[in-house]
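Q: One structure, pasted below without further comment.
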Amino acid sequence: MKIYIGIDPGKSGAIAFVPETGKPWTVKCSETDKDISDAFLEIEHEELYACIEKVGPGVFGAGKMGSKSAFTFGASFGGLLMLLTCHGVRFNRVLPRTWQTAMQCMTGGDKNVSKRRAQELFPEIKITHAIADALLIAEYARRTNL
């Protein structure tokens with residue numbers, strides 16, 4: 001079975017798993033490293049495809065993120081890339097504007113736009129701001145089939 005994975009990196013982000021059939025599920029990036037790794041161990045024998053949101057240097061510009069936050073984010077992002085690599089998951093990095101355009105939810109910074117779109121596409125899941133982008137990125141991976 002194919003499982004499509006969407007990763008919205010960062011402490012307030014999440015990882016979404018969208019299987020070909022069945023109900024999607026998510027893991028918040030604020031969970032421990034072991035919890036996140038265990039989520040991948042449970043599905044390691046499946047055919048996995050992932051998209052991780054590509055964060056550009058503009059996120060770290062003046063007044064946007066302090067040096068401590070930038071370091072923490074970078075360490076987390078690198079850890080997620082290593083996790084995908086170690087589990088043999090084929091992945092692409094995708095710019096926010098690319099997946100948002102494809103998923104018809106250009107947010108312009110308004111998280112309610114992506115939350116609404118995720119609610120439309122995944123009515124069986126309780127959508128929160130923390131998991132909305134990850135679900136949409138996973139659906140983008142499914143639709144583009146990498």
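Following the order of the structure tokens, first chain is A, next is B, and so on, with residues numbered from 1 inside each chain and ligands from 1 in the order they appear.
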With 12 Å as the cut-off and only C-alpha atoms counted, what is the closest atom pair between each nearby residue of stretch 2-72 of chain A and stretch 103-126 of chain A? Distances in Å to one decimal, ordered by chain and number, as a tab-separated table.
A:
residue	atom	partner	partner_atom	distance
A:Gly13	CA	A:Lys111	CA	11.9
A:Ala16	CA	A:Ile125	CA	11.5
A:Val18	CA	A:Phe122	CA	10.1
A:Gly22	CA	A:Glu124	CA	10.5
A:Lys23	CA	A:Glu124	CA	7.7
A:Pro24	CA	A:Ile125	CA	7.8
A:Trp25	CA	A:Ile125	CA	8.2
A:Thr26	CA	A:Ile125	CA	9.8
Q: Between A:His45, A:Lys11, A:Arg143, A:Lys2, single out the one closest to A:Ala75, counting only C-alpha atoms.
A: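 Among the listed residues, the smallest separation from A:Ala75 belongs to A:Lys11.
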Q: Would you work out the distance separating atom CA of A:Ile137 from atom CA of A:Gly66, expressed in Å to one decimal?
A: 26.2 Å
Q: Please provide the set of residues having any atom within 9 Å of A:Leu81, restricted to only C-alpha atoms, with same-chain residues fewer than 4 positions apart removed, written as a list in words.
A: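 In the requested form, the answer reads Ile52, Ser76, Phe77, Thr85, Cys86 and Phe91 of chain A.
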Q: Save out the residues we just selected, C-alpha atoms, as a PDB file, in the first residue's frame.
A:
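part.pdb, written as the output of this step:
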ATOM      1  CA  ILE A  52       8.550  18.319   3.087  1.00  0.00           C
ATOM      2  CA  SER A  76      14.629  19.955  13.609  1.00  0.00           C
ATOM      3  CA  PHE A  77      14.524  20.299   9.820  1.00  0.00           C
ATOM      4  CA  THR A  85      16.768   9.190   4.527  1.00  0.00           C
ATOM      5  CA  CYS A  86      17.304   6.539   7.215  1.00  0.00           C
ATOM      6  CA  PHE A  91      10.990  12.692  -0.808  1.00  0.00           C
TER       7      PHE A  91
END
Q: Among chain A, which residues carry a DSSP assignment of helix (DSSP H, G or I), reported as JSON, numbers by chain?
A: {"A": [33, 34, 35, 36, 37, 38, 39, 40, 41, 57, 58, 59, 60, 67, 68, 69, 70, 71, 72, 73, 74, 75, 76, 77, 78, 79, 80, 81, 82, 83, 84, 85, 86, 96, 97, 98, 99, 100, 101, 102, 111, 112, 113, 114, 115, 116, 117, 118, 119, 120, 121, 129, 130, 131, 132, 133, 134, 135, 136, 137, 138, 139, 140, 141, 142, 143, 144]}
Q: Those same residues - C-alpha atoms - I'd like them written as a PDB file, in the first residue's frame.
A:
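The new file again_35.pdb reads:
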ATOM      1  CA  ASP A  33      12.139  12.368  18.345  1.00  0.00           C
ATOM      2  CA  LYS A  34      11.415   8.765  19.373  1.00  0.00           C
ATOM      3  CA  ASP A  35       7.654   9.214  18.922  1.00  0.00           C
ATOM      4  CA  ILE A  36       8.203  10.593  15.433  1.00  0.00           C
ATOM      5  CA  SER A  37      10.642   7.826  14.507  1.00  0.00           C
ATOM      6  CA  ASP A  38       8.256   5.180  15.871  1.00  0.00           C
ATOM      7  CA  ALA A  39       5.525   6.493  13.554  1.00  0.00           C
ATOM      8  CA  PHE A  40       7.804   5.677  10.613  1.00  0.00           C
ATOM      9  CA  LEU A  41       8.815   2.279  12.022  1.00  0.00           C
ATOM     10  CA  PRO A  57      16.035  32.093   3.940  1.00  0.00           C
ATOM     11  CA  GLY A  58      13.270  34.723   4.093  1.00  0.00           C
ATOM     12  CA  VAL A  59      11.824  32.935   7.121  1.00  0.00           C
ATOM     13  CA  PHE A  60      14.960  33.816   9.054  1.00  0.00           C
ATOM     14  CA  SER A  67      18.866  33.147  16.410  1.00  0.00           C
ATOM     15  CA  LYS A  68      17.835  30.572  19.038  1.00  0.00           C
ATOM     16  CA  SER A  69      14.586  29.806  17.198  1.00  0.00           C
ATOM     17  CA  ALA A  70      16.419  29.615  13.871  1.00  0.00           C
ATOM     18  CA  PHE A  71      18.935  27.161  15.316  1.00  0.00           C
ATOM     19  CA  THR A  72      16.181  25.009  16.829  1.00  0.00           C
ATOM     20  CA  PHE A  73      14.226  25.038  13.561  1.00  0.00           C
ATOM     21  CA  GLY A  74      17.321  24.149  11.515  1.00  0.00           C
ATOM     22  CA  ALA A  75      18.201  21.267  13.815  1.00  0.00           C
ATOM     23  CA  SER A  76      14.629  19.955  13.609  1.00  0.00           C
ATOM     24  CA  PHE A  77      14.524  20.299   9.820  1.00  0.00           C
ATOM     25  CA  GLY A  78      17.837  18.464   9.448  1.00  0.00           C
ATOM     26  CA  GLY A  79      16.583  15.740  11.760  1.00  0.00           C
ATOM     27  CA  LEU A  80      13.478  15.257   9.627  1.00  0.00           C
ATOM     28  CA  LEU A  81      15.583  14.983   6.463  1.00  0.00           C
ATOM     29  CA  MET A  82      17.786  12.389   8.171  1.00  0.00           C
ATOM     30  CA  LEU A  83      14.716  10.496   9.379  1.00  0.00           C
ATOM     31  CA  LEU A  84      13.370  10.263   5.834  1.00  0.00           C
ATOM     32  CA  THR A  85      16.768   9.190   4.527  1.00  0.00           C
ATOM     33  CA  CYS A  86      17.304   6.539   7.215  1.00  0.00           C
ATOM     34  CA  PRO A  96       4.760  26.757   0.160  1.00  0.00           C
ATOM     35  CA  ARG A  97       3.518  28.664  -2.904  1.00  0.00           C
ATOM     36  CA  THR A  98       3.782  25.467  -5.007  1.00  0.00           C
ATOM     37  CA  TRP A  99       1.665  23.215  -2.789  1.00  0.00           C
ATOM     38  CA  GLN A 100      -0.721  26.027  -1.824  1.00  0.00           C
ATOM     39  CA  THR A 101      -1.365  26.849  -5.481  1.00  0.00           C
ATOM     40  CA  ALA A 102      -1.935  23.196  -6.346  1.00  0.00           C
ATOM     41  CA  LYS A 111      -3.698  29.837   8.610  1.00  0.00           C
ATOM     42  CA  ASN A 112      -7.517  29.707   8.497  1.00  0.00           C
ATOM     43  CA  VAL A 113      -7.326  29.413   4.691  1.00  0.00           C
ATOM     44  CA  SER A 114      -5.371  26.143   4.840  1.00  0.00           C
ATOM     45  CA  LYS A 115      -7.444  24.891   7.778  1.00  0.00           C
ATOM     46  CA  ARG A 116     -10.667  25.428   5.799  1.00  0.00           C
ATOM     47  CA  ARG A 117      -9.247  23.650   2.739  1.00  0.00           C
ATOM     48  CA  ALA A 118      -8.068  20.710   4.842  1.00  0.00           C
ATOM     49  CA  GLN A 119     -11.546  20.457   6.404  1.00  0.00           C
ATOM     50  CA  GLU A 120     -13.048  20.261   2.901  1.00  0.00           C
ATOM     51  CA  LEU A 121     -10.664  17.499   1.813  1.00  0.00           C
ATOM     52  CA  HIS A 129      -3.991  24.708  12.632  1.00  0.00           C
ATOM     53  CA  ALA A 130      -1.116  22.425  13.688  1.00  0.00           C
ATOM     54  CA  ILE A 131      -2.007  19.622  11.244  1.00  0.00           C
ATOM     55  CA  ALA A 132      -3.765  21.406   8.350  1.00  0.00           C
ATOM     56  CA  ASP A 133      -0.668  22.242   6.303  1.00  0.00           C
ATOM     57  CA  ALA A 134       0.839  18.774   6.776  1.00  0.00           C
ATOM     58  CA  LEU A 135      -2.358  17.131   5.528  1.00  0.00           C
ATOM     59  CA  LEU A 136      -2.470  19.409   2.496  1.00  0.00           C
ATOM     60  CA  ILE A 137       1.196  18.747   1.725  1.00  0.00           C
ATOM     61  CA  ALA A 138       0.533  14.981   1.947  1.00  0.00           C
ATOM     62  CA  GLU A 139      -2.442  15.349  -0.385  1.00  0.00           C
ATOM     63  CA  TYR A 140      -0.221  17.356  -2.733  1.00  0.00           C
ATOM     64  CA  ALA A 141       2.262  14.440  -2.672  1.00  0.00           C
ATOM     65  CA  ARG A 142      -0.583  12.019  -3.454  1.00  0.00           C
ATOM     66  CA  ARG A 143      -1.876  14.093  -6.349  1.00  0.00           C
ATOM     67  CA  THR A 144       1.520  14.691  -7.885  1.00  0.00           C
TER      68      THR A 144
END
Q: Name the residues in contact with A:Tyr49 at a cut-off of 8 Å, using only C-alpha atoms, excluding same-chain residues fewer than 6 positions from it; report them as a VMD selection string.
A: chain A and resid 2 to 5 89 to 91 141 145 to 146
Q: Smallest atom-to-atom distance to A:Val27: which of A:Leu95, A:Met1, A:Ile7, A:Glu47, using only C-alpha atoms?
A: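 Closest to A:Val27, using only C-alpha atoms: A:Ile7.
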Q: Please extract the residues of stretch 64-141 of chain A with a backbone DSSP assignment of strand (DSSP E or B) and present them as number ranges by chain.
A: A: 90-94
Q: Restricting the calculation to only C-alpha atoms, which member of A:Ile15, A:Met65, A:Ile127, A:Val55 is positioned closest to A:Val94?
A: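 The closest residue to A:Val94 is A:Val55.
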